[in-house]
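Asks: What follows is a single structure, and I will ask about it in a moment.
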Amino acid sequence: MAHDEIHTPVLLDRCIELLAPALQHDGAVVVDATLGMGGHSEALLERFPHVRLIGLDRDTDALRIAGERLARFGDRVDLVHTVYDGIADAVSSVGVRRADGILFDLGVSSLQLDEADRGFAYSKDAPLDMRMDQSAGTTAADIVATYGEGDLRRIFERYGEEKLAGRYARAIIAARQDAPIERSAQLVDILVAATPIAVQRERSGHPAKRVFQALRIEVNGELTVLERALPAALGILPVSGRIVVMSYQSLEDRLVKRVLAEATRSTAPAGLPIEPPEHAPRFRLLTKGAELASDEEKIRNPRATPVRLRAAERVREAS
């Protein structure tokens, strides 16, 4: 099956529209910080024939697939195996100092969701892996097997915003005394059994949804990485450079909102009659709040349903 038949980029037209003003000049550089299968990158390369693209991903399978998809663009493309908080070093490693446009499409990719053996989906039985980079790191099975009740509860509360975090942590601790929890179906059964019937009736989502999200975030250090990546990305944008960030859950979106709000805030002391130029905001927001997918896009691409898009443009260098 062709890559474009298994991967529909989210909010593709809007991303191109927001990045376009920064990519009009010869020699413009755009960074796809979350390359995935290369859908957004392919569209950017087609739309801007003079643009050079640097694609980053921690997933070696994604880099391979995207490399095949983007091979026809030749030396206009550089792919780097890295986590996106390494964006500045990645750009520097291919001989570039600044990026005119940067795109983040956060969360788990279509490739990772659709490959059952990666263990991301609670609807498919698979080894409890959840690593975006399968060449290194701790798996979800390791966490379930070794974390104490308090730590499990902490990550379920913090990263899954799960109200039954304590109940689920206790159920996992009890179950692993009998047998190792190594597969997603095992964990789902434990979580369902630990969920009161009344709660199952009240909830709109699956009982395992928030726990799986929390485990994935913990395995990949997603929020910690994002907290480092956003300032690093803003730091390599020149004046008129633009950043677009798409989030898929509230924790990510709140972090993106906070970082962009800080970047677009004046640093002048309160009460000054005139704002000194050196204290003027470095960035301006391009979106009013978080933009959502249209009903039409949600029908065409269900994975766009939870997306929250925010964007900003650099308006001055740091003083």
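All residue names refer to the structure tokens as shown: chains lettered A, B, ... in order, residues numbered from 1 in each chain, ligands numbered from 1 in order.
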Considering only C-alpha atoms, give me a table of residues in segment 54-134 of chain A that are at most 10 Å from segment 225-244 of chain A, with the closest atom pair and distance in Å for each, as CSV.
Replies:
residue,atom,partner,partner_atom,distance
A:Val83,CA,A:Val225,CA,7.8
A:Tyr84,CA,A:Ala229,CA,6.1
A:Asp85,CA,A:Ala229,CA,3.9
A:Gly86,CA,A:Ala229,CA,7.1
A:Ile87,CA,A:Ala233,CA,6.5
A:Ala88,CA,A:Ala232,CA,6.3
A:Asp89,CA,A:Ala232,CA,9.6
A:Val91,CA,A:Ile236,CA,8.9
A:Ser92,CA,A:Ile236,CA,10.0
A:Val96,CA,A:Ile236,CA,9.9
A:Arg97,CA,A:Ile236,CA,7.2
A:Arg98,CA,A:Ile236,CA,5.0
A:Ala99,CA,A:Leu237,CA,5.4
A:Asp100,CA,A:Gly241,CA,4.5
A:Gly101,CA,A:Arg242,CA,4.9
A:Ile102,CA,A:Ile243,CA,4.7
A:Leu103,CA,A:Val244,CA,5.0
A:Phe104,CA,A:Val244,CA,6.3
A:Asp105,CA,A:Val244,CA,8.4
A:Leu106,CA,A:Leu226,CA,8.9
Asks: Atom CA of Ser266 of chain A and atom CA of Ser250 of chain A, how far apart in Å?
Replies: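 Taking atom CA of Ser250 of chain A as the start and atom CA of Ser266 of chain A as the end point, the length is 25.8 Å.
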Asks: Select from segment 22-204 of chain A everything DSSP, run on the backbone, classes as strand (DSSP E or B), then give the selection as a list in words.
Replies: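 In segment 22-204 of chain A, DSSP puts these residues in strand (DSSP E or B): Val29, Val30, Val31, Asp32, Arg52, Leu53, Ile54, Gly55, Leu56, Asp57, Val77, Asp78, Leu79, Val80, His81, Gly101, Ile102, Leu103, Phe104, Asp105, Pro127 and Arg183 of chain A.
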Asks: Using only C-alpha atoms, find each residue in segment 211-291 of chain A having at least one atom no more than 10 Å away from segment 307-318 of chain A; report its shortest atom-to-atom pair and that distance in Å (one decimal), rows by chain then rising number, as JSON lines.
Replies:
{"residue": "A:Leu234", "atom": "CA", "partner": "A:Arg314", "partner_atom": "CA", "distance": 8.0}
{"residue": "A:Gly235", "atom": "CA", "partner": "A:Ala318", "partner_atom": "CA", "distance": 9.0}
{"residue": "A:Leu237", "atom": "CA", "partner": "A:Arg314", "partner_atom": "CA", "distance": 6.8}
{"residue": "A:Pro238", "atom": "CA", "partner": "A:Arg314", "partner_atom": "CA", "distance": 6.6}
{"residue": "A:Val239", "atom": "CA", "partner": "A:Arg314", "partner_atom": "CA", "distance": 5.0}
{"residue": "A:Ser240", "atom": "CA", "partner": "A:Arg314", "partner_atom": "CA", "distance": 5.2}
{"residue": "A:Gly241", "atom": "CA", "partner": "A:Arg314", "partner_atom": "CA", "distance": 5.5}
{"residue": "A:Arg242", "atom": "CA", "partner": "A:Glu313", "partner_atom": "CA", "distance": 4.4}
{"residue": "A:Ile243", "atom": "CA", "partner": "A:Ala311", "partner_atom": "CA", "distance": 5.5}
{"residue": "A:Val244", "atom": "CA", "partner": "A:Ala311", "partner_atom": "CA", "distance": 4.4}
{"residue": "A:Val245", "atom": "CA", "partner": "A:Arg310", "partner_atom": "CA", "distance": 5.4}
{"residue": "A:Met246", "atom": "CA", "partner": "A:Leu309", "partner_atom": "CA", "distance": 4.4}
{"residue": "A:Ser247", "atom": "CA", "partner": "A:Arg308", "partner_atom": "CA", "distance": 5.1}
{"residue": "A:Tyr248", "atom": "CA", "partner": "A:Val307", "partner_atom": "CA", "distance": 4.7}
{"residue": "A:Gln249", "atom": "CA", "partner": "A:Val307", "partner_atom": "CA", "distance": 7.6}
{"residue": "A:Ser250", "atom": "CA", "partner": "A:Arg308", "partner_atom": "CA", "distance": 8.7}
{"residue": "A:Glu252", "atom": "CA", "partner": "A:Arg308", "partner_atom": "CA", "distance": 9.4}
{"residue": "A:Asp253", "atom": "CA", "partner": "A:Arg308", "partner_atom": "CA", "distance": 6.8}
{"residue": "A:Val256", "atom": "CA", "partner": "A:Arg310", "partner_atom": "CA", "distance": 7.7}
{"residue": "A:Lys257", "atom": "CA", "partner": "A:Arg310", "partner_atom": "CA", "distance": 7.6}
{"residue": "A:Leu260", "atom": "CA", "partner": "A:Ala312", "partner_atom": "CA", "distance": 7.3}
{"residue": "A:Ala261", "atom": "CA", "partner": "A:Ala312", "partner_atom": "CA", "distance": 9.7}
{"residue": "A:Ala263", "atom": "CA", "partner": "A:Arg314", "partner_atom": "CA", "distance": 9.0}
{"residue": "A:Thr264", "atom": "CA", "partner": "A:Ala312", "partner_atom": "CA", "distance": 8.4}
{"residue": "A:Pro277", "atom": "CA", "partner": "A:Arg316", "partner_atom": "CA", "distance": 9.5}
{"residue": "A:Glu278", "atom": "CA", "partner": "A:Ala318", "partner_atom": "CA", "distance": 7.9}
{"residue": "A:His279", "atom": "CA", "partner": "A:Ala318", "partner_atom": "CA", "distance": 9.0}
{"residue": "A:Ala280", "atom": "CA", "partner": "A:Arg316", "partner_atom": "CA", "distance": 8.2}
{"residue": "A:Pro281", "atom": "CA", "partner": "A:Arg316", "partner_atom": "CA", "distance": 7.5}
{"residue": "A:Arg282", "atom": "CA", "partner": "A:Arg316", "partner_atom": "CA", "distance": 5.0}
{"residue": "A:Phe283", "atom": "CA", "partner": "A:Arg314", "partner_atom": "CA", "distance": 4.2}
{"residue": "A:Arg284", "atom": "CA", "partner": "A:Glu313", "partner_atom": "CA", "distance": 5.4}
{"residue": "A:Leu285", "atom": "CA", "partner": "A:Ala312", "partner_atom": "CA", "distance": 4.3}
{"residue": "A:Leu286", "atom": "CA", "partner": "A:Ala312", "partner_atom": "CA", "distance": 5.0}
{"residue": "A:Thr287", "atom": "CA", "partner": "A:Ala311", "partner_atom": "CA", "distance": 5.8}
{"residue": "A:Lys288", "atom": "CA", "partner": "A:Arg310", "partner_atom": "CA", "distance": 8.1}
{"residue": "A:Gly289", "atom": "CA", "partner": "A:Arg310", "partner_atom": "CA", "distance": 7.1}
{"residue": "A:Ala290", "atom": "CA", "partner": "A:Leu309", "partner_atom": "CA", "distance": 5.2}
{"residue": "A:Glu291", "atom": "CA", "partner": "A:Leu309", "partner_atom": "CA", "distance": 4.9}
Asks: Give the alpha helix (DSSP H) residues of segment 100-206 of chain A, as assigned by DSSP on the backbone, as a count of residues only.
Replies: 55
Asks: Using only C-alpha atoms, which of the listed residues (A:Val192, A:Val31, A:Ala136, A:Val211) sits closest to Leu56 of chain A?
Replies: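 Closest candidate: A:Val31.
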Asks: Near Leu44 of chain A, counting only C-alpha atoms, which residues have an atom at most 12 Å away, once you skip same-chain residues fewer than 5 positions from it, shown as a VMD selection string?
Replies: chain A and resid 9 12 to 20 22 to 24 28 to 32 35 38 to 39 49 to 55 70 73 76 to 77 101 to 103
Asks: Give me, please, the distance in Å between atom CA of Asp189 of chain A and atom CA of Val108 of chain A, quoted to one decimal.
Replies: 22.7 Å
Asks: Which residue gives the smallest distance to Gly107 of chain A among A:Leu223, A:Ile181, A:Ala293, A:Ala171, with only C-alpha atoms counted?
Replies: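 Closest residue, counting only C-alpha atoms: A:Leu223.
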Asks: Could you jot down the atom CA of Met37 of chain A to atom CA of Ala62 of chain A separation for me, Å, one decimal place?
Replies: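 Between these atoms lies a distance of 5.4 Å.
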